[in-house]
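These notes concern the structure reproduced below.
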Amino acid sequence: MSLSRRARREWRIVLWVSVISAAASVWFTSRVVPDDPILHSILEGVATSLLIATPIVLIELKGDRMASLRRLRRLPLALYFTVKVLFYFVIIVGGLVLSRYFLSSAGGIRFDETFRHALLFAIAMSVFGNFVFDMTGLLGLSTLKSLVTGRYVQPRREQRTFLLIDMKNSTGVAEKLGPVRFHELLNAFFRNVNDAALECEAEIHKYVGDEAILTWSGEEALAAGECLACPFLVRDYIAANRETYMSRFGLVPEFRAAIHCGEIVAGEIGDVRREIAFVGDTLNVAARLLDAAKDLGRDVLASQDILRRTQLPSGVKAVELPTLSIRGRAAPLAVAALTRA
């Protein structure tokens with residue numbers, strides 16, 4: 001059974017974090033206990049990584065799919081943070097105790113100055129790792145890397161593909177469910193969108209109300225037509241969770257989507273709060289396509305611009321439609337509806 005791209009990505013993260021943690025532990029041991037044999041330092045670093053770093057990173061990656069941890073996230077921020085710190089403190093102390101117990105030549109555990117230093121070091125590493133995970137979850141890995149490296153400090157031209165996904169009848173659904181339960185529905189819906197985005201190697205640019213904006217840079221999305229397959233993969237994830245949606249909300253969400261590609265200008269904007277903004281005709285056209293999908297009664301619209309530059313994925317067909325007049329553009333836009341073959 002082959003692993004999904006999301007699963008492969010998560011296991012790569014687990015592997016890298018475990019290796020980095022083990023290397024940091026070996027370095028720390030060599031500095032605090034310089035006369036410790038190198039083999040013992042390596043074994044202690046590996047054991048500490050497996051017993052502390054690996055469980056913590058697995059919880060960070062898998063937590064959103066565990067009902068008990070999802071309930072914890074609904075607590076007030078201060079209480080949630082306190083519970084999380086205490087839980088990780090138990091893992092850290094337990095990992096240090098176990099690694100020392102199994103690797104101690106005397107067969108015992110000494111809570112000496114070295115243990116206290118190791119505890120402080122492990123806590124500091126955990127706090128730093130959690131900060132990186134939380135920032136990645138808040139901004140997205142691609143955005144975080146771009147902000148840290150200063151990639152978009154100066155505006156730059158890029159070729160990008162955009163996929164806009166908008167929930168159908170969101171106003172009526174919100175009235176039926178109420179604002180709190182509608183928010184829970186949106187969260188579940190966007191989780192399915194996110195799963196599909198990871199499989200198609202898309203970035204989540206932002207969520208705007210009941211709309212998600214996905215993007216790909218360069219030609220990577222066009223090579224195998226993954227951007228065209230992505231909305232149908234979202235539909236598959238929703239269908240796989242149909243029973244959960246029905247039991248929780250009494251309905252299964254539906255959506256419209258629009259796909260377009262072209263040149264945009266990307267750059268950092270804002271002062272007190274910074275973000276990376278995409279500006280240009282390409283994103284505006286994608287938004288107009290999404291409006292047209294509703295008017296035409298179609299679920300997925302794609303511009304002929306993108307269809308000419310990529311190939312249709314297997315199981316997807318394009319139905320040519322009359323050209324559209326787009327506000328702000330002199331020439332009409334050739335479009336097609338995408339459906340399952």
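Residues in the structure tokens are numbered from 1 in each chain, the chains being A, B, ... in the order shown, and ligands are numbered from 1 in the order shown.
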Shell around segment 272-277 of chain A at 10 Å using only C-alpha atoms, local window under 5 positions removed, as a ChimeraX atom specification: /A:139,143-144,146-147,151-153,155,205-206,264-267
Would you write out those residues with N, CA and C atoms, as a PDB file, in the first residue's frame?
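Written output follows (out_10.pdb):
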```
ATOM      1  N   LEU A 139       1.134  30.405   9.285  1.00  0.00           N
ATOM      2  CA  LEU A 139       1.493  31.087   8.041  1.00  0.00           C
ATOM      3  C   LEU A 139       1.586  30.158   6.841  1.00  0.00           C
ATOM      4  N   THR A 143       5.159  30.264   3.051  1.00  0.00           N
ATOM      5  CA  THR A 143       5.142  31.675   3.449  1.00  0.00           C
ATOM      6  C   THR A 143       6.173  31.948   4.533  1.00  0.00           C
ATOM      7  N   LEU A 144       6.282  31.036   5.510  1.00  0.00           N
ATOM      8  CA  LEU A 144       7.255  31.217   6.584  1.00  0.00           C
ATOM      9  C   LEU A 144       8.674  31.262   6.026  1.00  0.00           C
ATOM     10  N   SER A 146       9.574  32.082   3.024  1.00  0.00           N
ATOM     11  CA  SER A 146       9.743  33.302   2.231  1.00  0.00           C
ATOM     12  C   SER A 146       9.958  34.519   3.117  1.00  0.00           C
ATOM     13  N   LEU A 147       9.233  34.596   4.251  1.00  0.00           N
ATOM     14  CA  LEU A 147       9.400  35.722   5.168  1.00  0.00           C
ATOM     15  C   LEU A 147      10.762  35.683   5.847  1.00  0.00           C
ATOM     16  N   ARG A 151      12.543  36.579   0.677  1.00  0.00           N
ATOM     17  CA  ARG A 151      12.351  36.347  -0.756  1.00  0.00           C
ATOM     18  C   ARG A 151      11.512  37.445  -1.411  1.00  0.00           C
ATOM     19  N   TYR A 152      10.505  37.936  -0.673  1.00  0.00           N
ATOM     20  CA  TYR A 152       9.578  38.895  -1.266  1.00  0.00           C
ATOM     21  C   TYR A 152       9.680  40.286  -0.639  1.00  0.00           C
ATOM     22  N   VAL A 153      10.837  40.605  -0.057  1.00  0.00           N
ATOM     23  CA  VAL A 153      11.018  41.959   0.476  1.00  0.00           C
ATOM     24  C   VAL A 153      10.875  42.974  -0.655  1.00  0.00           C
ATOM     25  N   PRO A 155       9.239  43.451  -4.389  1.00  0.00           N
ATOM     26  CA  PRO A 155       8.240  42.807  -5.254  1.00  0.00           C
ATOM     27  C   PRO A 155       8.907  42.152  -6.464  1.00  0.00           C
ATOM     28  N   HIS A 205      -2.782  29.699  -0.065  1.00  0.00           N
ATOM     29  CA  HIS A 205      -2.427  31.125   0.026  1.00  0.00           C
ATOM     30  C   HIS A 205      -3.184  31.785   1.171  1.00  0.00           C
ATOM     31  N   LYS A 206      -4.508  31.615   1.201  1.00  0.00           N
ATOM     32  CA  LYS A 206      -5.291  32.170   2.301  1.00  0.00           C
ATOM     33  C   LYS A 206      -6.714  31.630   2.248  1.00  0.00           C
ATOM     34  N   ILE A 264       1.877  37.336 -12.111  1.00  0.00           N
ATOM     35  CA  ILE A 264       1.462  38.206 -11.006  1.00  0.00           C
ATOM     36  C   ILE A 264       2.711  38.873 -10.429  1.00  0.00           C
ATOM     37  N   VAL A 265       2.494  39.835  -9.566  1.00  0.00           N
ATOM     38  CA  VAL A 265       3.580  40.439  -8.792  1.00  0.00           C
ATOM     39  C   VAL A 265       3.394  40.020  -7.340  1.00  0.00           C
ATOM     40  N   ALA A 266       4.428  39.418  -6.764  1.00  0.00           N
ATOM     41  CA  ALA A 266       4.377  38.941  -5.378  1.00  0.00           C
ATOM     42  C   ALA A 266       5.315  39.778  -4.521  1.00  0.00           C
ATOM     43  N   GLY A 267       4.859  40.127  -3.324  1.00  0.00           N
ATOM     44  CA  GLY A 267       5.706  40.902  -2.429  1.00  0.00           C
ATOM     45  C   GLY A 267       5.104  41.025  -1.047  1.00  0.00           C
TER      46      GLY A 267
END
```
Can you tell me, as a VMD selection string, which residues in segment 46-267 of chain A count as alpha helix (DSSP H) by DSSP? chain A and resid 46 to 48 54 to 62 67 to 72 77 to 103 113 to 139 141 to 149 170 to 177 179 to 199 226 to 240 242 to 249
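Each of A:Glu320, A:Pro332, A:Leu163, A:Asn194 was checked against Ala258 of chain A using only C-alpha atoms; the smallest atom-to-atom distance is that of A:Leu163.
Using only C-alpha atoms, the nearest neighbour of Cys227 of chain A within the list A:Leu50, A:Leu72, A:Leu338, A:Leu119 is A:Leu338.
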Suppose you want the space between atom CA of Lys294 of chain A and atom CA of Glu201 of chain A; what is it in Å? 26.8 Å
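Using only C-alpha atoms, the smallest distance between any of A:Val57, A:Ala229, A:Leu75, A:Ala22 and Glu199 of chain A comes from A:Ala229.
Coordinates place atom CA of Thr244 of chain A at a distance of 21.6 Å from atom CA of Ala7 of chain A.
Considering only C-alpha atoms, the residue among A:Glu10, A:Val285, A:Gln159, A:Leu222 positioned nearest to Leu198 of chain A is A:Glu10.
The nearest approach to Ala118 of chain A among the residues A:Ile52, A:Ala336, A:Ile306, A:Met167, with only C-alpha atoms taken into account, belongs to A:Ile52.
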What is the atom CA of Gly315 of chain A to atom CA of Thr339 of chain A distance in Å? 8.5 Å
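Counting only C-alpha atoms, the residue from A:Glu175, A:Asp134, A:Asp35, A:Glu184 that sits nearest to Tyr245 of chain A is A:Glu184.
Neighbouring residues of Gly280 of chain A at 8 Å or closer, counting only C-alpha atoms and skipping chain neighbours under 2 positions away, are Glu263, Ile264, Val265, Phe278, Thr282, Leu283 and Asn284 of chain A.
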Filtering to C-alpha atoms, could you give me those residues as a compact mmCIF listing (two decimals), in the first residue's frame?
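Okay, this is what ended up in out.txt:
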```txt
# COMPACT_ATOMS: atom_id res chain seq x y z
CA GLU A 263 1.87 36.46 -14.35
CA ILE A 264 1.46 38.21 -11.01
CA VAL A 265 3.58 40.44 -8.79
CA PHE A 278 -0.22 38.48 -4.99
CA THR A 282 -4.40 36.70 -13.06
CA LEU A 283 -6.00 36.54 -9.63
CA ASN A 284 -8.75 38.96 -10.67
```
